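Text of the file work_35.csv, holding CSV, C-alpha atoms and all ligand atoms:
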chain,number,residue,atom,x,y,z
A,1,MET,CA,-8.0,12.7,-11.0
A,2,GLY,CA,-5.5,15.3,-11.7
A,3,LEU,CA,-2.6,12.9,-12.5
A,4,ASP,CA,-0.5,13.6,-15.6
A,5,PHE,CA,0.5,10.7,-17.8
A,6,SER,CA,1.6,12.7,-20.8
A,7,GLY,CA,4.2,10.8,-22.8
A,8,LYS,CA,3.5,7.5,-21.0
A,9,LYS,CA,2.5,4.3,-22.7
A,10,ALA,CA,0.2,1.9,-21.0
A,11,ILE,CA,-1.3,-1.5,-21.7
A,12,VAL,CA,-4.5,-2.7,-20.1
A,13,THR,CA,-5.6,-6.3,-20.4
A,14,GLY,CA,-9.3,-6.9,-20.3
A,15,GLY,CA,-9.6,-3.2,-21.2
A,16,ALA,CA,-12.7,-3.5,-23.3
A,17,SER,CA,-15.2,-3.8,-20.4
A,18,GLY,CA,-15.9,-3.0,-16.8
A,19,ILE,CA,-12.9,-2.1,-14.6
A,20,GLY,CA,-10.4,-2.4,-17.4
A,21,ARG,CA,-12.4,-0.1,-19.6
A,22,ALA,CA,-12.8,2.5,-16.9
A,23,THR,CA,-9.1,2.3,-16.3
A,24,SER,CA,-8.1,2.7,-20.0
A,25,ASP,CA,-10.5,5.6,-20.2
A,26,LEU,CA,-9.0,7.3,-17.2
A,27,LEU,CA,-5.4,6.7,-18.3
A,28,ARG,CA,-6.2,8.1,-21.8
A,29,SER,CA,-8.0,11.2,-20.4
A,30,SER,CA,-5.0,11.8,-18.2
A,31,GLY,CA,-2.7,11.9,-21.2
A,32,ALA,CA,-1.4,8.3,-21.6
A,33,GLU,CA,-1.2,6.4,-24.9
A,34,VAL,CA,-3.2,3.3,-24.1
A,35,THR,CA,-3.2,-0.1,-25.8
A,36,VAL,CA,-6.2,-2.3,-24.9
A,37,ILE,CA,-5.6,-6.0,-25.0
A,38,ASP,CA,-8.9,-8.0,-24.9
A,39,ARG,CA,-10.2,-11.2,-26.3
A,40,GLU,CA,-8.8,-10.5,-29.8
A,41,THR,CA,-5.5,-11.2,-28.1
A,42,ASP,CA,-6.1,-14.0,-25.6
A,43,VAL,CA,-3.9,-13.5,-22.5
A,44,THR,CA,-3.6,-17.3,-22.2
A,45,ASN,CA,-1.8,-17.3,-25.6
A,46,ARG,CA,1.7,-16.3,-24.6
A,47,ALA,CA,3.1,-15.8,-28.1
A,48,ALA,CA,0.1,-13.7,-29.2
A,49,LEU,CA,0.3,-11.6,-26.0
A,50,GLU,CA,4.0,-11.1,-26.3
A,51,HIS,CA,3.5,-9.9,-29.9
A,52,ALA,CA,0.8,-7.4,-28.9
A,53,MET,CA,2.7,-6.1,-25.9
A,54,GLU,CA,5.9,-5.6,-27.9
A,55,ALA,CA,3.9,-3.8,-30.6
A,56,ALA,CA,2.8,-1.2,-28.0
A,57,GLY,CA,6.3,0.2,-28.0
A,58,GLU,CA,8.3,1.3,-24.9
A,59,ILE,CA,5.8,0.7,-22.2
A,60,ASP,CA,5.7,2.5,-18.8
A,61,ILE,CA,2.6,1.0,-17.3
A,62,VAL,CA,0.9,-2.5,-17.5
A,63,ILE,CA,-2.4,-3.3,-16.0
A,64,ALA,CA,-2.9,-7.1,-15.7
A,65,ASN,CA,-6.7,-7.0,-15.3
A,66,ALA,CA,-8.3,-9.6,-17.6
A,67,GLY,CA,-10.3,-12.1,-15.7
A,68,ILE,CA,-13.3,-14.4,-15.7
A,69,GLY,CA,-15.4,-16.0,-13.0
A,70,SER,CA,-18.2,-18.6,-12.8
A,71,GLN,CA,-19.9,-20.0,-9.8
A,72,ALA,CA,-20.0,-23.7,-8.9
A,73,ALA,CA,-20.1,-25.6,-5.7
A,74,LEU,CA,-16.8,-27.3,-4.9
A,75,THR,CA,-18.1,-30.8,-5.8
A,76,GLU,CA,-19.7,-29.4,-9.0
A,77,THR,CA,-16.5,-27.7,-10.2
A,78,THR,CA,-15.6,-29.4,-13.4
A,79,ASP,CA,-12.1,-29.9,-14.8
A,80,GLU,CA,-13.0,-27.5,-17.6
A,81,LEU,CA,-14.1,-24.7,-15.2
A,82,TRP,CA,-11.0,-25.2,-13.1
A,83,ASP,CA,-8.7,-25.2,-16.1
A,84,SER,CA,-10.3,-22.2,-17.9
A,85,THR,CA,-10.3,-20.1,-14.8
A,86,LEU,CA,-6.7,-20.8,-14.0
A,87,ALA,CA,-5.7,-20.2,-17.6
A,88,VAL,CA,-7.1,-16.7,-17.7
A,89,ASN,CA,-6.9,-15.4,-14.1
A,90,LEU,CA,-3.6,-16.9,-13.1
A,91,THR,CA,-1.5,-18.0,-16.1
A,92,GLY,CA,-2.8,-14.9,-18.0
A,93,VAL,CA,-1.6,-12.6,-15.3
A,94,PHE,CA,1.7,-14.5,-15.0
A,95,ASN,CA,2.2,-14.2,-18.8
A,96,THR,CA,1.4,-10.5,-18.7
A,97,VAL,CA,3.6,-9.7,-15.7
A,98,ARG,CA,6.5,-11.8,-17.1
A,99,ILE,CA,6.4,-10.0,-20.5
A,100,ALA,CA,6.0,-6.6,-18.8
A,101,ALA,CA,9.0,-7.3,-16.6
A,102,ARG,CA,11.2,-8.3,-19.6
A,103,LEU,CA,10.2,-5.2,-21.5
A,104,MET,CA,10.7,-2.8,-18.6
A,105,LYS,CA,13.9,-4.2,-17.0
A,106,PRO,CA,16.3,-2.7,-19.6
A,107,ARG,CA,14.7,0.8,-19.1
A,108,ARG,CA,15.0,0.5,-15.3
A,109,ARG,CA,11.5,1.8,-14.7
A,110,GLY,CA,7.8,0.9,-14.9
A,111,ALA,CA,4.7,0.2,-13.0
A,112,ILE,CA,2.5,-2.9,-13.0
A,113,VAL,CA,-0.9,-3.2,-11.4
A,114,ILE,CA,-2.7,-6.5,-11.0
A,115,THR,CA,-6.4,-6.8,-10.5
A,116,ALA,CA,-6.8,-9.2,-7.6
A,117,SER,CA,-9.9,-9.3,-5.4
A,118,THR,CA,-11.2,-9.4,-1.8
A,119,ASN,CA,-11.5,-13.1,-2.8
A,120,SER,CA,-7.7,-13.3,-2.7
A,121,TYR,CA,-8.3,-13.6,1.0
A,122,ASP,CA,-12.0,-14.7,1.4
A,123,GLY,CA,-13.6,-18.1,1.0
A,124,GLU,CA,-16.8,-16.9,-0.6
A,125,ALA,CA,-18.8,-20.1,-1.3
A,126,ASN,CA,-19.2,-21.5,-4.8
A,127,LEU,CA,-16.0,-19.8,-6.2
A,128,THR,CA,-13.3,-22.3,-5.5
A,129,ALA,CA,-11.5,-21.9,-8.9
A,130,TYR,CA,-11.9,-18.1,-8.9
A,131,ASN,CA,-10.8,-17.7,-5.3
A,132,ALA,CA,-7.7,-20.0,-5.9
A,133,THR,CA,-6.6,-17.8,-8.8
A,134,LYS,CA,-7.1,-14.6,-6.9
A,135,ALA,CA,-5.2,-15.9,-3.9
A,136,GLY,CA,-2.4,-17.0,-6.3
A,137,LEU,CA,-2.1,-13.5,-7.7
A,138,LEU,CA,-0.7,-12.4,-4.3
A,139,GLY,CA,2.2,-14.8,-4.8
A,140,ILE,CA,2.9,-13.2,-8.2
A,141,LEU,CA,2.5,-9.7,-6.7
A,142,HIS,CA,4.9,-10.3,-3.8
A,143,THR,CA,7.6,-12.1,-5.8
A,144,ALA,CA,7.5,-9.7,-8.7
A,145,ALA,CA,7.7,-6.7,-6.4
A,146,ASN,CA,10.7,-8.2,-4.7
A,147,GLU,CA,12.5,-9.1,-7.8
A,148,LEU,CA,11.7,-6.0,-9.8
A,149,GLY,CA,12.3,-3.4,-7.1
A,150,PRO,CA,16.0,-3.2,-7.9
A,151,TYR,CA,15.1,-2.3,-11.5
A,152,GLY,CA,12.9,0.6,-10.5
A,153,ILE,CA,9.7,-1.3,-11.4
A,154,ARG,CA,6.9,-1.2,-8.9
A,155,VAL,CA,4.3,-4.0,-8.8
A,156,ASN,CA,1.0,-3.5,-6.9
A,157,ALA,CA,-2.5,-4.9,-6.8
A,158,VAL,CA,-6.1,-3.7,-6.2
A,159,CYS,CA,-8.5,-6.0,-4.4
A,160,PRO,CA,-12.0,-4.9,-5.4
A,161,GLY,CA,-15.1,-6.0,-3.5
A,162,LEU,CA,-18.4,-6.2,-5.4
A,163,ILE,CA,-18.2,-3.8,-8.3
A,164,ARG,CA,-21.0,-3.1,-10.9
A,165,THR,CA,-19.7,-4.5,-14.2
A,166,PRO,CA,-20.9,-7.0,-16.8
A,167,LEU,CA,-19.2,-9.7,-14.8
A,168,THR,CA,-21.5,-9.0,-11.8
A,169,GLU,CA,-24.7,-8.0,-13.7
A,170,ALA,CA,-26.7,-10.9,-12.1
A,171,HIS,CA,-25.9,-9.7,-8.6
A,172,PHE,CA,-26.9,-6.2,-9.3
A,173,LEU,CA,-30.3,-7.4,-10.8
A,174,ASN,CA,-31.1,-9.1,-7.5
A,175,PRO,CA,-32.1,-6.6,-4.7
A,176,GLU,CA,-32.5,-9.3,-2.0
A,177,LEU,CA,-29.0,-10.5,-2.6
A,178,LEU,CA,-27.6,-6.9,-2.6
A,179,LYS,CA,-29.4,-6.1,0.6
A,180,ASP,CA,-27.8,-9.1,2.3
A,181,TYR,CA,-24.4,-8.6,0.8
A,182,PHE,CA,-24.2,-4.8,1.5
A,183,ARG,CA,-25.2,-5.4,5.1
A,184,HIS,CA,-21.6,-6.3,5.6
A,185,ILE,CA,-20.2,-3.2,3.8
A,186,PRO,CA,-19.5,-0.1,6.0
A,187,LEU,CA,-20.2,2.2,3.0
A,188,GLY,CA,-23.5,0.3,2.5
A,189,ARG,CA,-23.3,-0.1,-1.3
A,190,GLY,CA,-21.5,-1.8,-4.2
A,191,GLY,CA,-18.6,-0.1,-6.0
A,192,GLU,CA,-18.5,1.4,-9.5
A,193,ALA,CA,-15.8,0.5,-12.1
A,194,SER,CA,-14.6,4.1,-12.1
A,195,GLU,CA,-13.9,3.9,-8.3
A,196,VAL,CA,-11.5,0.9,-8.9
A,197,ALA,CA,-10.0,2.7,-11.9
A,198,ASN,CA,-9.1,5.6,-9.6
A,199,ALA,CA,-7.1,3.2,-7.3
A,200,ILE,CA,-5.4,1.4,-10.2
A,201,VAL,CA,-4.4,4.7,-11.9
A,202,PHE,CA,-3.1,6.1,-8.6
A,203,LEU,CA,-0.9,2.9,-8.1
A,204,ALA,CA,0.4,3.2,-11.7
A,205,SER,CA,1.3,6.9,-11.2
A,206,ASP,CA,4.3,8.6,-9.8
A,207,ALA,CA,2.1,9.7,-6.8
A,208,ALA,CA,2.7,6.1,-5.6
A,209,SER,CA,6.4,6.3,-6.1
A,210,TYR,CA,7.3,4.6,-2.7
A,211,ILE,CA,4.5,1.9,-3.0
A,212,THR,CA,5.4,-1.6,-4.2
A,213,GLY,CA,4.1,-5.0,-3.2
A,214,ALA,CA,0.9,-3.5,-1.9
A,215,ALA,CA,-2.6,-5.0,-2.2
A,216,LEU,CA,-5.1,-2.1,-1.9
A,217,PHE,CA,-8.7,-3.0,-0.9
A,218,VAL,CA,-11.3,-1.1,-2.9
A,219,ASP,CA,-14.3,-2.6,-1.2
A,220,GLY,CA,-16.2,0.0,0.8
A,221,GLY,CA,-14.7,-1.4,3.9
A,222,GLN,CA,-16.0,-5.0,3.4
A,223,MET,CA,-12.8,-6.6,4.6
A,224,ALA,CA,-12.7,-4.5,7.8
A,225,ALA,CA,-16.2,-5.4,8.8
A,226,LYS,CA,-16.2,-9.0,9.9
A,227,PHE,CA,-19.4,-9.0,11.9
A,228,GLY,CA,-21.5,-6.8,9.6
A,229,THR,CA,-22.5,-3.2,9.8
A,230,TRP,CA,-26.1,-2.5,8.9
A,231,SER,CA,-29.4,-3.5,10.5
A,232,GLU,CA,-33.0,-2.6,10.2
A,233,GLU,CA,-32.9,-1.1,13.7
A,234,SER,CA,-31.2,2.0,12.5
A,235,ALA,CA,-31.2,1.8,8.7
A,236,GLU,CA,-33.1,0.9,5.6
A,237,PHE,CA,-32.1,-0.6,2.3
A,238,VAL,CA,-33.4,1.7,-0.5
A,239,VAL,CA,-32.9,0.7,-4.2
A,240,ASP,CA,-29.3,-0.4,-4.0
A,241,ARG,CA,-27.8,0.8,-0.8
A,242,TRP,CA,-28.2,1.0,3.0
A,243,ARG,CA,-28.9,4.4,4.5
A,244,LEU,CA,-29.3,5.5,8.1
A,245,LYS,CA,-33.0,6.3,9.0
B,1,LIG,P1,-15.7,-7.7,-17.2
B,1,LIG,O1,-16.2,-9.0,-17.6
B,1,LIG,O2,-16.5,-6.5,-17.4
B,1,LIG,O3,-14.3,-7.4,-17.9
B,1,LIG,C1,-13.3,-8.5,-18.1
B,1,LIG,C2,-12.6,-8.2,-19.4
B,1,LIG,O4,-11.6,-9.2,-19.5
B,1,LIG,C3,-13.6,-8.4,-20.6
B,1,LIG,O5,-13.5,-7.3,-21.5
B,1,LIG,C4,-13.2,-9.7,-21.2
B,1,LIG,O6,-13.4,-9.7,-22.6
B,1,LIG,C5,-11.7,-9.7,-20.9
B,1,LIG,N1,-11.1,-11.1,-20.9
B,1,LIG,C6,-11.6,-12.2,-20.4
B,1,LIG,N2,-10.9,-13.2,-20.7
B,1,LIG,C7,-9.8,-12.8,-21.5
B,1,LIG,C8,-8.8,-13.4,-22.1
B,1,LIG,N3,-8.6,-14.7,-22.1
B,1,LIG,N4,-7.9,-12.6,-22.8
B,1,LIG,C9,-8.1,-11.2,-22.9
B,1,LIG,N5,-9.1,-10.6,-22.3
B,1,LIG,C10,-10.0,-11.4,-21.6
B,1,LIG,O7,-15.3,-7.9,-15.7
B,1,LIG,P2,-14.7,-6.9,-14.6
B,1,LIG,O8,-15.6,-7.0,-13.4
B,1,LIG,O9,-14.4,-5.6,-15.2
B,1,LIG,O10,-13.4,-7.7,-14.2
B,1,LIG,C11,-12.1,-7.2,-14.4
B,1,LIG,C12,-11.2,-7.8,-13.4
B,1,LIG,O11,-11.6,-7.4,-12.1
B,1,LIG,C13,-11.2,-9.3,-13.3
B,1,LIG,O12,-9.9,-9.8,-13.1
B,1,LIG,C14,-12.1,-9.7,-12.2
B,1,LIG,O13,-11.8,-10.9,-11.6
B,1,LIG,C15,-11.7,-8.5,-11.2
B,1,LIG,N6,-12.7,-8.3,-10.1
B,1,LIG,C16,-13.9,-7.9,-10.4
B,1,LIG,C17,-14.8,-7.7,-9.4
B,1,LIG,C18,-16.2,-7.2,-9.6
B,1,LIG,O14,-17.0,-7.2,-8.7
B,1,LIG,N7,-16.6,-6.9,-10.8
B,1,LIG,C19,-14.4,-7.8,-8.1
B,1,LIG,C20,-13.1,-8.2,-7.8
B,1,LIG,C21,-12.2,-8.4,-8.9
Re-express the file's structure as structure tokens.
Ligand code: NAD
Amino acid sequence: MGLDFSGKKAIVTGGASGIGRATSDLLRSSGAEVTVIDRETDVTNRAALEHAMEAAGEIDIVIANAGIGSQAALTETTDELWDSTLAVNLTGVFNTVRIAARLMKPRRRGAIVITASTNSYDGEANLTAYNATKAGLLGILHTAANELGPYGIRVNAVCPGLIRTPLTEAHFLNPELLKDYFRHIPLGRGGEASEVANAIVFLASDAASYITGAALFVDGGQMAAKFGTWSEESAEFVVDRWRLK
């Protein structure tokens, strides 16, 4: 990407897979010292998370990315699914951002990036718990950006659309589903983890020095295209993307 993170220390939660892994790889290859926090330190365990984040040293960048998601109709959403989704996606991010803020405030600098979702805004069916957590992240985003701005700490979010990772493997194995889903995406395809990592790393960098409180869609235009984009009249779906004939 051409950004230089030499001398910077970063933490990435959920950094062992998918978007988090692509982000840690990119930060590392851009010069940062990266601590990955994944399931060996559960983000829902505040004390363990605090210990791991303090052990990383004087951190400059924190990526609050760990997340889970399971589908269930509203009436089939169990207490267990609701509680576990909130614990990781909402309380886990709250824990991460709160600890990051405490560690960064005395140094009067830092950048935090939260992985939210297009589902922070959208009511995609069968994802009540997931959607509630991702909408809730915008509350953390806006409030933290407001409170931490005076300390020189920027807080931003990315809102990915459908990205090819282990979390979405089932989607990407279903061409009929993809054809229908990508009909509503101006760029005509799903995203790659590296494309989200590029946005996260930009927001974490000094190149985004006047950006805080922002939620950046990384969704191929999905949220701009309410009425759909592609049709068989002018295009065809080949393998995993729409192309003009
Ligand atoms: P992924 O499953 O590949 O990666 C998630 C990582 O989080 C895994 O390494 C997992 O071990 C870790 N994790 C889960 N629970 C944890 C916990 N309690 N403590 C610590 N680590 C934990 O999925 P991904 O697609 O890379 O998802 C990353 C983030 O991006 C999530 O917040 C997800 O909601 C969000 N997101 C993904 C998509 C998509 O289409 N893939 C779209 C929008 C948002």
Using all atoms listed in the file, which of A:Ile163, A:Ala72, A:Leu141, A:Ile19 sits nearest Thr128 of chain A? A:Ala72
Which segment 98-207 of chain A residues have any atom within 10 Å of an atom of segment 5-10 of chain A, and for each, what is the nearest pair of atoms with distance in Å to one decimal, counting all atoms listed in the file, rows sorted by chain and number, as a Markdown table?
| residue | atom | partner | partner_atom | distance |
| --- | --- | --- | --- | --- |
| A:Gly110 | CA | A:Ala10 | CA | 9.8 |
| A:Ala111 | CA | A:Ala10 | CA | 9.3 |
| A:Ile112 | CA | A:Ala10 | CA | 9.6 |
| A:Val201 | CA | A:Phe5 | CA | 9.7 |
| A:Ala204 | CA | A:Ala10 | CA | 9.4 |
| A:Ser205 | CA | A:Phe5 | CA | 7.7 |
| A:Asp206 | CA | A:Phe5 | CA | 9.1 |
Expected file contents, prior selection, C-alpha atoms, as a PDB file, in the coordinates of the input:
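Below you can see part.pdb, which holds the result:
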ATOM      1  CA  GLY A 110       7.800   0.900 -14.900  1.00  0.00           C
ATOM      2  CA  ALA A 111       4.700   0.200 -13.000  1.00  0.00           C
ATOM      3  CA  ILE A 112       2.500  -2.900 -13.000  1.00  0.00           C
ATOM      4  CA  VAL A 201      -4.400   4.700 -11.900  1.00  0.00           C
ATOM      5  CA  ALA A 204       0.400   3.200 -11.700  1.00  0.00           C
ATOM      6  CA  SER A 205       1.300   6.900 -11.200  1.00  0.00           C
ATOM      7  CA  ASP A 206       4.300   8.600  -9.800  1.00  0.00           C
TER       8      ASP A 206
END
Ligand LIG 1 (chain B): which residues are within 8 Å, counting all atoms listed in the file? Reply as JSON, numbers by chain. {"A": [13, 14, 15, 16, 17, 18, 19, 20, 21, 37, 38, 39, 40, 41, 42, 43, 44, 64, 65, 66, 67, 68, 69, 87, 88, 89, 92, 115, 116, 117, 118, 119, 130, 134, 159, 160, 161, 162, 163, 164, 165, 166, 167, 168, 191, 193]}
Record the distance separating atom CA of Ile140 of chain A and atom CA of Ala215 of chain A, expressed in Å with one decimal. 11.6 Å
For a quick check of understanding, using all atoms listed in the file, which of A:Asn146, A:Thr75, A:Thr212, A:Asn156 has the smallest distance to Leu127 of chain A?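 For Leu127 of chain A, the nearest of the given residues is A:Thr75.
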In Å, rounded to a single decimal, give me how far atom CA of Ile11 of chain A is from atom CA of Val34 of chain A. 5.7 Å
With distances taken over only C-alpha atoms, the candidate from A:Thr133, A:Ser70, A:Thr143, A:Asn126 nearest Val97 of chain A is A:Thr143
To one decimal in Å, tell me the separation between atom CA of Trp242 of chain A and atom CA of Phe202 of chain A.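 Pair atom CA of Trp242 of chain A / atom CA of Phe202 of chain A returns 28.1 Å.
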Using only C-alpha atoms, which of the listed residues (A:Leu90, A:Val12, A:Leu49, A:Val239) sits closest to Phe172 of chain A?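 Among the listed residues, the smallest separation from Phe172 of chain A belongs to A:Val239.
Using only C-alpha atoms, the shortest contact distance between Met104 of chain A and any of A:Ile153, A:Glu147, A:Ala135, A:Ser120 is found at A:Ile153.
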Closest of A:Ala129, A:Phe94, A:Ala56, A:Ala199 to Glu76 of chain A - atom-to-atom distances counting all atoms listed in the file: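 Ranking A:Ala129, A:Phe94, A:Ala56, A:Ala199 by distance to Glu76 of chain A, first place goes to A:Ala129.
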Residue neighbourhood Ser231 of chain A, 10 Å, only C-alpha atoms, exclusion window fewer than 6 positions, as number ranges by chain: A: 183-184, 237, 242-244
